[in-house]
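Trainee: File name run35.txt; file contents compact mmCIF, C-alpha atoms and all ligand atoms; full text below.
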```txt
# COMPACT_ATOMS: atom_id res chain seq x y z
CA MET A 834 -0.11 -112.55 -15.43
CA VAL A 835 1.82 -110.93 -18.31
CA PRO A 836 4.66 -113.54 -18.39
CA LEU A 837 2.04 -116.32 -18.45
CA ALA A 838 0.14 -114.52 -21.21
CA LEU A 839 3.38 -114.20 -23.21
CA ALA A 840 4.13 -117.92 -22.75
CA GLY A 841 0.59 -118.73 -23.86
CA LEU A 842 0.97 -116.43 -26.85
CA ALA A 843 4.26 -118.12 -27.81
CA VAL A 844 2.54 -121.54 -27.82
CA LEU A 845 -0.41 -120.08 -29.73
CA LEU A 846 1.79 -118.52 -32.45
CA VAL A 847 4.42 -121.25 -32.73
CA TRP A 848 2.15 -124.28 -32.49
CA VAL A 849 -1.60 -123.58 -32.74
CA THR A 850 -1.80 -120.81 -35.37
CA PRO A 851 0.41 -122.53 -38.02
CA GLY A 852 -1.87 -125.59 -37.78
CA LEU A 853 -4.96 -123.38 -38.20
CA LEU A 854 -3.44 -121.42 -41.11
CA ALA A 855 -2.42 -124.63 -42.87
CA ARG A 856 -6.08 -125.76 -42.68
CA GLN A 857 -7.24 -122.60 -44.47
CA PRO A 858 -6.61 -123.29 -48.17
CA ARG A 859 -8.51 -120.12 -49.12
CA PHE A 860 -5.41 -118.07 -48.23
CA ARG A 861 -3.74 -119.66 -51.28
CA HIS A 862 -5.76 -117.15 -53.31
CA ALA A 863 -3.67 -114.34 -51.73
CA PRO A 864 -0.21 -116.00 -51.62
CA ARG A 865 1.87 -112.86 -51.02
CA ALA A 866 -0.25 -111.67 -48.07
CA ALA A 867 -0.50 -115.23 -46.74
CA LEU A 868 3.31 -115.55 -46.74
CA VAL A 869 3.58 -112.23 -44.86
CA ALA A 870 1.07 -113.62 -42.31
CA TRP A 871 3.07 -116.84 -41.94
CA GLN A 872 6.30 -114.90 -41.40
CA SER A 873 4.73 -112.51 -38.88
CA VAL A 874 3.13 -115.37 -36.93
CA SER A 875 6.51 -117.14 -36.72
CA LEU A 876 8.35 -113.95 -35.79
CA GLY A 877 5.66 -113.01 -33.24
CA GLY A 878 6.00 -116.48 -31.67
CA ILE A 879 9.75 -116.07 -31.29
CA LEU A 880 9.35 -112.55 -29.85
CA ALA A 881 6.77 -113.80 -27.33
CA ALA A 882 9.11 -116.64 -26.28
CA LEU A 883 12.02 -114.20 -25.93
CA PHE A 884 9.94 -111.76 -23.87
CA VAL A 885 8.67 -114.32 -21.26
CA ALA A 886 11.80 -114.21 -19.08
CA PRO A 887 12.37 -110.40 -19.10
CA ALA A 888 8.67 -109.87 -18.31
CA ALA A 889 8.86 -112.38 -15.42
CA VAL A 890 11.93 -110.58 -14.03
CA LEU A 891 10.19 -107.21 -14.29
CA VAL A 892 7.06 -108.53 -12.55
CA LEU A 893 8.95 -110.33 -9.75
CA ALA A 894 11.60 -107.68 -9.04
CA GLY A 895 9.76 -104.54 -10.14
CA ARG A 896 11.31 -102.00 -12.48
CA ASP A 897 13.43 -100.43 -9.75
CA GLY A 898 14.38 -103.74 -8.15
CA ILE A 899 16.34 -105.23 -11.07
CA ALA A 900 19.67 -103.93 -9.70
CA ARG A 901 18.83 -105.43 -6.28
CA HIS A 902 18.14 -108.89 -7.78
CA PRO A 903 21.12 -109.63 -10.06
CA TRP A 904 20.59 -113.41 -9.92
CA LEU A 905 16.99 -113.13 -11.04
CA THR A 906 18.02 -110.84 -13.88
CA ALA A 907 20.82 -113.23 -14.90
CA LEU A 908 18.37 -116.17 -14.89
CA GLY A 909 15.98 -114.20 -17.12
CA ALA A 910 18.80 -113.35 -19.55
CA LEU A 911 19.86 -117.02 -19.56
CA VAL A 912 16.37 -118.27 -20.47
CA SER A 913 15.97 -115.70 -23.30
CA GLY A 914 19.54 -116.43 -24.42
CA ALA A 915 18.75 -120.16 -24.62
CA VAL A 916 15.76 -119.47 -26.91
CA LEU A 917 17.90 -117.22 -29.12
CA VAL A 918 20.80 -119.70 -29.28
CA ARG A 919 18.42 -122.50 -30.28
CA VAL A 920 17.15 -120.40 -33.24
CA LEU A 921 20.69 -119.35 -34.24
CA VAL A 922 22.07 -122.91 -34.08
CA SER A 923 19.13 -124.15 -36.15
CA GLY A 924 19.83 -121.32 -38.64
CA HIS A 925 23.47 -122.33 -38.93
CA LEU A 926 22.72 -126.04 -39.36
CA VAL A 927 19.94 -125.53 -41.94
CA GLY A 928 21.95 -122.88 -43.86
CA THR A 929 25.06 -125.07 -44.05
CA ARG A 930 23.06 -128.13 -45.13
CA VAL A 931 21.04 -126.30 -47.80
CA ARG A 932 24.06 -124.48 -49.28
CA ALA A 933 26.18 -127.65 -49.43
CA ALA A 934 23.40 -129.61 -51.18
CA ARG A 935 22.88 -126.77 -53.66
CA ALA A 936 26.59 -126.41 -54.41
CA ARG A 937 26.86 -130.17 -55.06
CA HIS A 938 23.88 -130.10 -57.40
CA ARG A 939 25.06 -126.96 -59.21
CA ASP A 940 28.48 -128.56 -59.82
CA LEU A 941 26.80 -131.68 -61.18
CA VAL A 942 24.52 -129.70 -63.50
CA ASP A 943 27.48 -127.66 -64.75
CA ILE A 944 29.27 -130.88 -65.69
CA VAL A 945 26.44 -132.81 -67.34
CA ALA A 946 24.28 -130.04 -68.86
CA GLU A 947 24.79 -127.83 -71.85
CA HIS A 948 25.56 -124.24 -70.99
CA GLU A 949 23.33 -121.51 -72.36
CA ARG A 950 23.46 -117.81 -71.57
CA ASP A 951 22.15 -116.24 -68.29
CA GLY A 952 22.92 -119.28 -66.14
CA LEU A 953 20.52 -121.45 -68.16
CA ARG A 954 21.43 -125.14 -68.31
CA VAL A 955 19.87 -127.74 -70.59
CA LEU A 956 19.82 -131.41 -69.61
CA GLN A 957 19.70 -133.91 -72.48
CA HIS A 958 16.67 -135.82 -71.22
CA PRO A 959 13.31 -136.46 -72.91
CA THR A 960 11.23 -135.92 -69.70
CA ALA A 961 9.77 -132.41 -69.41
CA THR A 962 11.54 -130.99 -66.35
CA ALA A 963 12.20 -127.45 -65.13
CA TYR A 964 13.66 -126.20 -61.87
CA CYS A 965 16.03 -123.61 -60.50
CA ILE A 966 19.01 -123.84 -58.18
CA PRO A 967 18.92 -120.64 -56.11
CA GLY A 968 21.87 -118.92 -54.51
CA ARG A 969 24.59 -116.49 -55.47
CA SER A 970 25.40 -118.20 -58.78
CA ALA A 971 21.88 -119.30 -59.59
CA ARG A 972 20.94 -121.70 -62.40
CA VAL A 973 17.72 -122.33 -64.27
CA VAL A 974 17.69 -125.95 -65.43
CA LEU A 975 15.49 -127.13 -68.32
CA SER A 976 15.38 -130.54 -69.93
CA GLN A 977 15.54 -131.00 -73.69
CA GLY A 978 12.05 -132.51 -73.26
CA VAL A 979 10.70 -129.11 -72.13
CA LEU A 980 12.34 -127.32 -75.04
CA ASP A 981 11.04 -129.89 -77.54
CA THR A 982 7.44 -130.17 -76.30
CA LEU A 983 6.43 -126.76 -74.96
CA PRO A 984 5.31 -124.03 -77.37
CA ARG A 985 6.96 -120.62 -76.96
CA PRO A 986 4.33 -118.99 -74.64
CA GLU A 987 4.37 -121.99 -72.28
CA LEU A 988 8.17 -122.02 -72.25
CA ALA A 989 8.07 -118.30 -71.40
CA ALA A 990 5.69 -119.10 -68.51
CA VAL A 991 8.07 -121.76 -67.16
CA LEU A 992 11.04 -119.39 -67.39
CA ALA A 993 9.09 -116.52 -65.75
CA HIS A 994 8.12 -118.88 -62.90
CA GLU A 995 11.71 -119.96 -62.26
CA LYS A 996 13.09 -116.44 -62.58
CA ALA A 997 10.47 -115.18 -60.09
CA HIS A 998 11.82 -117.72 -57.56
CA LEU A 999 15.36 -116.48 -58.12
CA ARG A 1000 14.56 -112.74 -58.27
CA ALA A 1001 12.41 -112.71 -55.10
CA ARG A 1002 14.81 -115.12 -53.30
CA HIS A 1003 12.00 -117.50 -52.40
CA ASP A 1004 14.75 -119.87 -51.26
CA LEU A 1005 15.59 -117.52 -48.36
CA LEU A 1006 11.92 -117.42 -47.38
CA LEU A 1007 11.76 -121.22 -47.33
CA GLU A 1008 15.06 -121.35 -45.45
CA PHE A 1009 13.63 -118.98 -42.81
CA PHE A 1010 10.65 -121.28 -42.27
CA THR A 1011 12.83 -124.40 -42.22
CA VAL A 1012 15.04 -122.77 -39.56
CA LEU A 1013 12.01 -121.93 -37.40
CA HIS A 1014 10.50 -125.37 -38.07
CA GLU A 1015 13.65 -127.10 -36.82
CA SER A 1016 14.24 -124.73 -33.88
CA VAL A 1017 10.99 -125.64 -32.11
CA PRO A 1018 10.87 -128.96 -30.18
CA SER A 1019 9.86 -131.86 -32.46
CA THR A 1020 6.46 -132.35 -30.74
CA PHE A 1021 5.49 -128.78 -31.74
CA ARG A 1022 6.61 -129.09 -35.37
CA SER A 1023 4.03 -129.06 -38.12
CA ARG A 1024 5.11 -130.63 -41.41
CA ARG A 1025 1.81 -129.49 -42.86
CA ALA A 1026 2.78 -125.85 -42.18
CA LEU A 1027 6.04 -126.18 -44.12
CA ALA A 1028 4.24 -127.89 -47.02
CA GLU A 1029 1.66 -125.08 -47.11
CA VAL A 1030 4.37 -122.39 -47.21
CA ARG A 1031 6.04 -124.27 -50.10
CA LEU A 1032 2.75 -124.29 -51.99
CA LEU A 1033 2.25 -120.55 -51.38
CA VAL A 1034 5.71 -119.84 -52.81
CA GLU A 1035 4.82 -121.86 -55.92
CA ALA A 1036 1.49 -120.02 -56.27
CA LEU A 1037 3.37 -116.70 -56.03
CA ALA A 1038 5.81 -117.70 -58.80
CA ASP A 1039 2.82 -118.82 -60.91
CA ARG A 1040 1.49 -115.25 -60.68
CA ALA A 1041 4.72 -114.06 -62.37
CA ALA A 1042 4.21 -116.71 -65.06
CA VAL A 1043 0.64 -115.48 -65.66
CA ARG A 1044 1.92 -111.90 -66.03
CA ALA A 1045 4.44 -113.10 -68.63
CA SER A 1046 2.28 -115.50 -70.65
CA GLY A 1047 -1.31 -115.42 -69.43
CA GLU A 1048 -3.38 -117.95 -67.50
CA VAL A 1049 -3.95 -120.45 -70.30
CA ALA A 1050 -0.27 -120.84 -71.26
CA THR A 1051 0.72 -121.06 -67.57
CA ALA A 1052 -1.89 -123.76 -66.86
CA ARG A 1053 -0.78 -125.74 -69.93
CA ALA A 1054 2.87 -125.44 -68.92
CA LEU A 1055 2.01 -126.68 -65.40
CA LEU A 1056 0.21 -129.66 -66.89
CA ALA A 1057 3.10 -130.46 -69.22
CA ILE A 1058 5.66 -130.64 -66.42
CA ALA A 1059 3.30 -131.94 -63.71
CA GLU A 1060 4.92 -135.37 -63.67
CA SER A 1061 8.47 -134.07 -63.42
CA ARG A 1062 10.50 -134.42 -60.26
CA SER A 1063 13.11 -131.91 -59.13
CA PRO A 1064 15.99 -132.56 -56.73
CA ASP A 1065 15.55 -131.65 -53.04
CA ALA A 1066 18.08 -128.82 -53.20
CA ALA A 1067 16.24 -127.12 -56.07
CA MET A 1068 12.81 -125.55 -56.58
CA GLY A 1069 10.78 -127.30 -59.26
CA ALA A 1070 8.00 -125.85 -61.39
CA GLY A 1071 5.98 -129.05 -61.61
CA THR A 1072 5.16 -129.73 -57.94
CA SER A 1073 1.56 -129.57 -56.66
CA ALA A 1074 0.32 -128.79 -60.17
CA PRO A 1075 -3.39 -129.77 -59.76
CA VAL A 1076 -3.95 -127.40 -56.81
CA ARG A 1077 -2.07 -124.59 -58.55
CA MET A 1078 -4.12 -125.00 -61.72
CA GLN A 1079 -7.28 -124.58 -59.63
CA LEU A 1080 -5.81 -121.40 -58.13
CA LEU A 1081 -5.02 -120.04 -61.60
CA ALA A 1082 -8.62 -120.65 -62.66
CA ALA A 1083 -10.05 -118.99 -59.51
CA GLY A 1084 -7.91 -115.84 -59.67
CA PRO A 1085 -6.85 -113.52 -56.82
CA ARG A 1086 -9.06 -112.68 -53.78
CA PRO A 1087 -8.19 -109.19 -52.45
CA GLU A 1088 -10.45 -109.50 -49.36
CA LEU A 1089 -8.41 -112.51 -48.20
CA ALA A 1090 -5.22 -110.48 -48.62
CA VAL A 1091 -6.64 -107.84 -46.25
CA LEU A 1092 -7.51 -110.57 -43.72
CA ALA A 1093 -4.01 -112.10 -43.99
CA TYR A 1094 -2.32 -108.71 -43.51
CA GLY A 1095 -4.57 -108.17 -40.45
CA ILE A 1096 -3.39 -111.50 -38.97
CA ALA A 1097 0.23 -110.47 -39.70
CA LEU A 1098 -0.17 -107.16 -37.88
CA ALA A 1099 -1.92 -108.74 -34.88
CA ALA A 1100 0.76 -111.44 -34.55
CA LEU A 1101 3.52 -108.81 -34.37
CA LEU A 1102 1.69 -106.31 -32.16
CA ALA A 1103 0.47 -108.85 -29.56
CA PRO A 1104 3.88 -109.71 -28.00
CA LEU A 1105 5.01 -106.05 -28.14
CA GLY A 1106 1.74 -104.92 -26.53
CA LEU A 1107 2.03 -107.48 -23.71
CA LEU A 1108 5.65 -106.49 -23.01
CA SER A 1109 4.68 -102.81 -22.91
CA LEU A 1110 2.23 -103.65 -20.07
CA VAL A 1111 5.11 -104.54 -17.75
CA LEU A 1112 7.34 -101.72 -19.03
CA GLY A 1113 4.71 -99.02 -18.72
ZN ZN A 1201 8.43 -123.21 -58.54
```
Please, can you express the file's structure as C-alpha cells?
Ligand SMILES: [Zn+2]
Mentor:
Amino acid sequence: MVPLALAGLAVLLVWVTPGLLARQPRFRHAPRAALVAWQSVSLGGILAALFVAPAAVLVLAGRDGIARHPWLTALGALVSGAVLVRVLVSGHLVGTRVRAARARHRDLVDIVAEHERDGLRVLQHPTATAYCIPGRSARVVLSQGVLDTLPRPELAAVLAHEKAHLRARHDLLLEFFTVLHESVPSTFRSRRALAEVRLLVEALADRAAVRASGEVATARALLAIAESRSPDAAMGAGTSAPVRMQLLAAGPRPELAVLAYGIALAALLAPLGLLSLVLG
C-alpha cells in the first residue's frame, strides 16, 4: 500500500496541487509564504517520486530480504536513479540556456547603454522601462524615459524593486521552478503554475519597493512603467502591473501566510512520513 500511496502523493504534489494553488489568488497577499509553499510542494513531489521504488523494494523483499534479492534492489535503484537523472538533466539544460541568454543580453546592454555606478545602465530610449539582469555580474537597466518622467520617490521604488530581485536571487527561485516544470512529462506541466510563481516573485519585490518609498509612490511607479516590455532573460518591473496594484492596495494577510506555511510543512512531511512506515 505504501508504494502506491507514495506514487499517488507524487502525482498529487507534482500535478494536482500546483493547479489548485494557481487557482487561489488570495495567496498573493502572502507572497513569501506562498513561494515557500510552492517550493515545498515541488520538493515533496520529487521526494515522493524518489521514494516509490525503495518503498516497493522494502515491501516486496522485507527489510532483511534486501541482500537476498539483489535484482529487485537494483531495479528499485534504477527507477529512483531515472527520476533523479531527469531532474538533473533538466537542471543542466535550463541553467545553461538561462545563463547564455543573460550573458548575451548583458554584453549587449554594456555596449549600447551608458554606464553608471553600481552596475546601473541607462538606455537612451524615451519609453519608461526598468528591469534587472540577474547573475554574478548583475545589472539594473533603466531607460532615459524612466529617469525623465518618474519623480524621485517613484524612481527609488523602481530601484528598490529591482535590487530586491537581485539581493534575494529571485532568478534562482524562478530557475528552480523552471527546472521542475521541464523535468515532469509535458502532459503534467502547468504553465499557469509557472506564471503564478512569477507573479508572486514580483509581488515580493513590490514589498521591498513599498518599504523604500511607500505604497503610493510604488503604485504610481508601477503605473508609469506598466506598458514597458523587458527581455525574456531579464526580470522587468512593469509586468502584471494591474494585479500588483490591487495587491498593494489590499495589503498583507498574515492568516494566509500561516495557511501557506502549513501547506509547505504538510507537503514535506507527507513523503517522509509514508517512507517511515516501511522503514519502521
Ligand atoms: Zn520585478
Trainee: Dig up all the protein and nucleic acid residues within 12 Å of (14.9, -117.7, -50.7) in the file frame, using only C-alpha atoms, and format them as a PyMOL selection string.
Mentor: chain A and resi 928+931-932+965-969+971+997-1011+1031+1034+1066-1068
Trainee: Show me as a list of chain:residue names the residues that reach within 9 Å of (4.2, -116.3, -26.7), counting all atoms listed in the file and using the file's own coordinates.
Mentor: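 Those residues, ordered by chain and then number, are A:Pro836, A:Leu837, A:Ala838, A:Leu839, A:Ala840, A:Gly841, A:Leu842, A:Ala843, A:Val844, A:Leu845, A:Leu846, A:Val847, A:Gly877, A:Gly878, A:Ile879, A:Leu880, A:Ala881, A:Ala882, A:Leu883, A:Phe884, A:Val885, A:Ala1103, A:Pro1104.
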Trainee: Tell me, as a PDB file with C-alpha atoms, in the coordinates of the input, which residues lie within 12 Å of A:Ala1045, counting only C-alpha atoms; anything in the same chain fewer than 2 positions away does not count.
Mentor:
```pdb
ATOM      1  CA  ARG A 985       6.960-120.620 -76.960  1.00  0.00           C
ATOM      2  CA  PRO A 986       4.330-118.990 -74.640  1.00  0.00           C
ATOM      3  CA  GLU A 987       4.370-121.990 -72.280  1.00  0.00           C
ATOM      4  CA  LEU A 988       8.170-122.020 -72.250  1.00  0.00           C
ATOM      5  CA  ALA A 989       8.070-118.300 -71.400  1.00  0.00           C
ATOM      6  CA  ALA A 990       5.690-119.100 -68.510  1.00  0.00           C
ATOM      7  CA  VAL A 991       8.070-121.760 -67.160  1.00  0.00           C
ATOM      8  CA  LEU A 992      11.040-119.390 -67.390  1.00  0.00           C
ATOM      9  CA  ALA A 993       9.090-116.520 -65.750  1.00  0.00           C
ATOM     10  CA  HIS A 994       8.120-118.880 -62.900  1.00  0.00           C
ATOM     11  CA  GLU A 995      11.710-119.960 -62.260  1.00  0.00           C
ATOM     12  CA  LYS A 996      13.090-116.440 -62.580  1.00  0.00           C
ATOM     13  CA  ALA A 997      10.470-115.180 -60.090  1.00  0.00           C
ATOM     14  CA  ALA A1038       5.810-117.700 -58.800  1.00  0.00           C
ATOM     15  CA  ASP A1039       2.820-118.820 -60.910  1.00  0.00           C
ATOM     16  CA  ARG A1040       1.490-115.250 -60.680  1.00  0.00           C
ATOM     17  CA  ALA A1041       4.720-114.060 -62.370  1.00  0.00           C
ATOM     18  CA  ALA A1042       4.210-116.710 -65.060  1.00  0.00           C
ATOM     19  CA  VAL A1043       0.640-115.480 -65.660  1.00  0.00           C
ATOM     20  CA  GLY A1047      -1.310-115.420 -69.430  1.00  0.00           C
ATOM     21  CA  GLU A1048      -3.380-117.950 -67.500  1.00  0.00           C
ATOM     22  CA  VAL A1049      -3.950-120.450 -70.300  1.00  0.00           C
ATOM     23  CA  ALA A1050      -0.270-120.840 -71.260  1.00  0.00           C
ATOM     24  CA  THR A1051       0.720-121.060 -67.570  1.00  0.00           C
TER      25      THR A1051
END
```
Trainee: Return the single residue from A:Arg1025, A:Gly1106, A:Ala1093, A:Val974 that is closest to ligand ZN 1201 (chain A), with distances computed using all atoms listed in the file.
Mentor: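 Distance minimum relative to ligand ZN 1201 (chain A) lands on A:Val974.
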Trainee: Residues near A:His902, anyone? I mean within 10 Å using all atoms listed in the file, not counting same-chain ones fewer than 6 positions away, as an NGL selection string.
Mentor: :A and (890 or 893-895)
Trainee: Compare A:Ala936, A:Val1012, A:Ala888, A:Ala1054 by their minimum atom-to-atom distance to A:Ser913, counting only C-alpha atoms, and give me the closest one.
Mentor: A:Ala888
Trainee: So the first atom is atom CA of A:Ala889 and the second is atom CA of A:Thr1020; what is the distance between them in Å, to one decimal place?
Mentor: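 Result for atom CA of A:Ala889 versus atom CA of A:Thr1020: 25.3 Å, one decimal.
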Trainee: Point out the residue among A:Pro903, A:Gly1113, A:Pro1085, A:Leu1037 with the least atom-to-atom distance to ligand ZN 1201 (chain A), counting all atoms listed in the file.
Mentor: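 Using all atoms listed in the file, ligand ZN 1201 (chain A) sits closest to A:Leu1037.
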Trainee: Between atom CA of A:Ala866 and atom CA of A:Gly1095, what is the distance, to one decimal in Å?
Mentor: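 These atoms are spaced 9.4 Å apart.
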Trainee: So, with only C-alpha atoms and all ligand atoms as the atoms that count, which of A:Ser976, A:Ser1023, A:Thr962, A:Gln1079 lies closest to ligand ZN 1201 (chain A)?
Mentor: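 The answer is A:Thr962, which sits nearest to ligand ZN 1201 (chain A).
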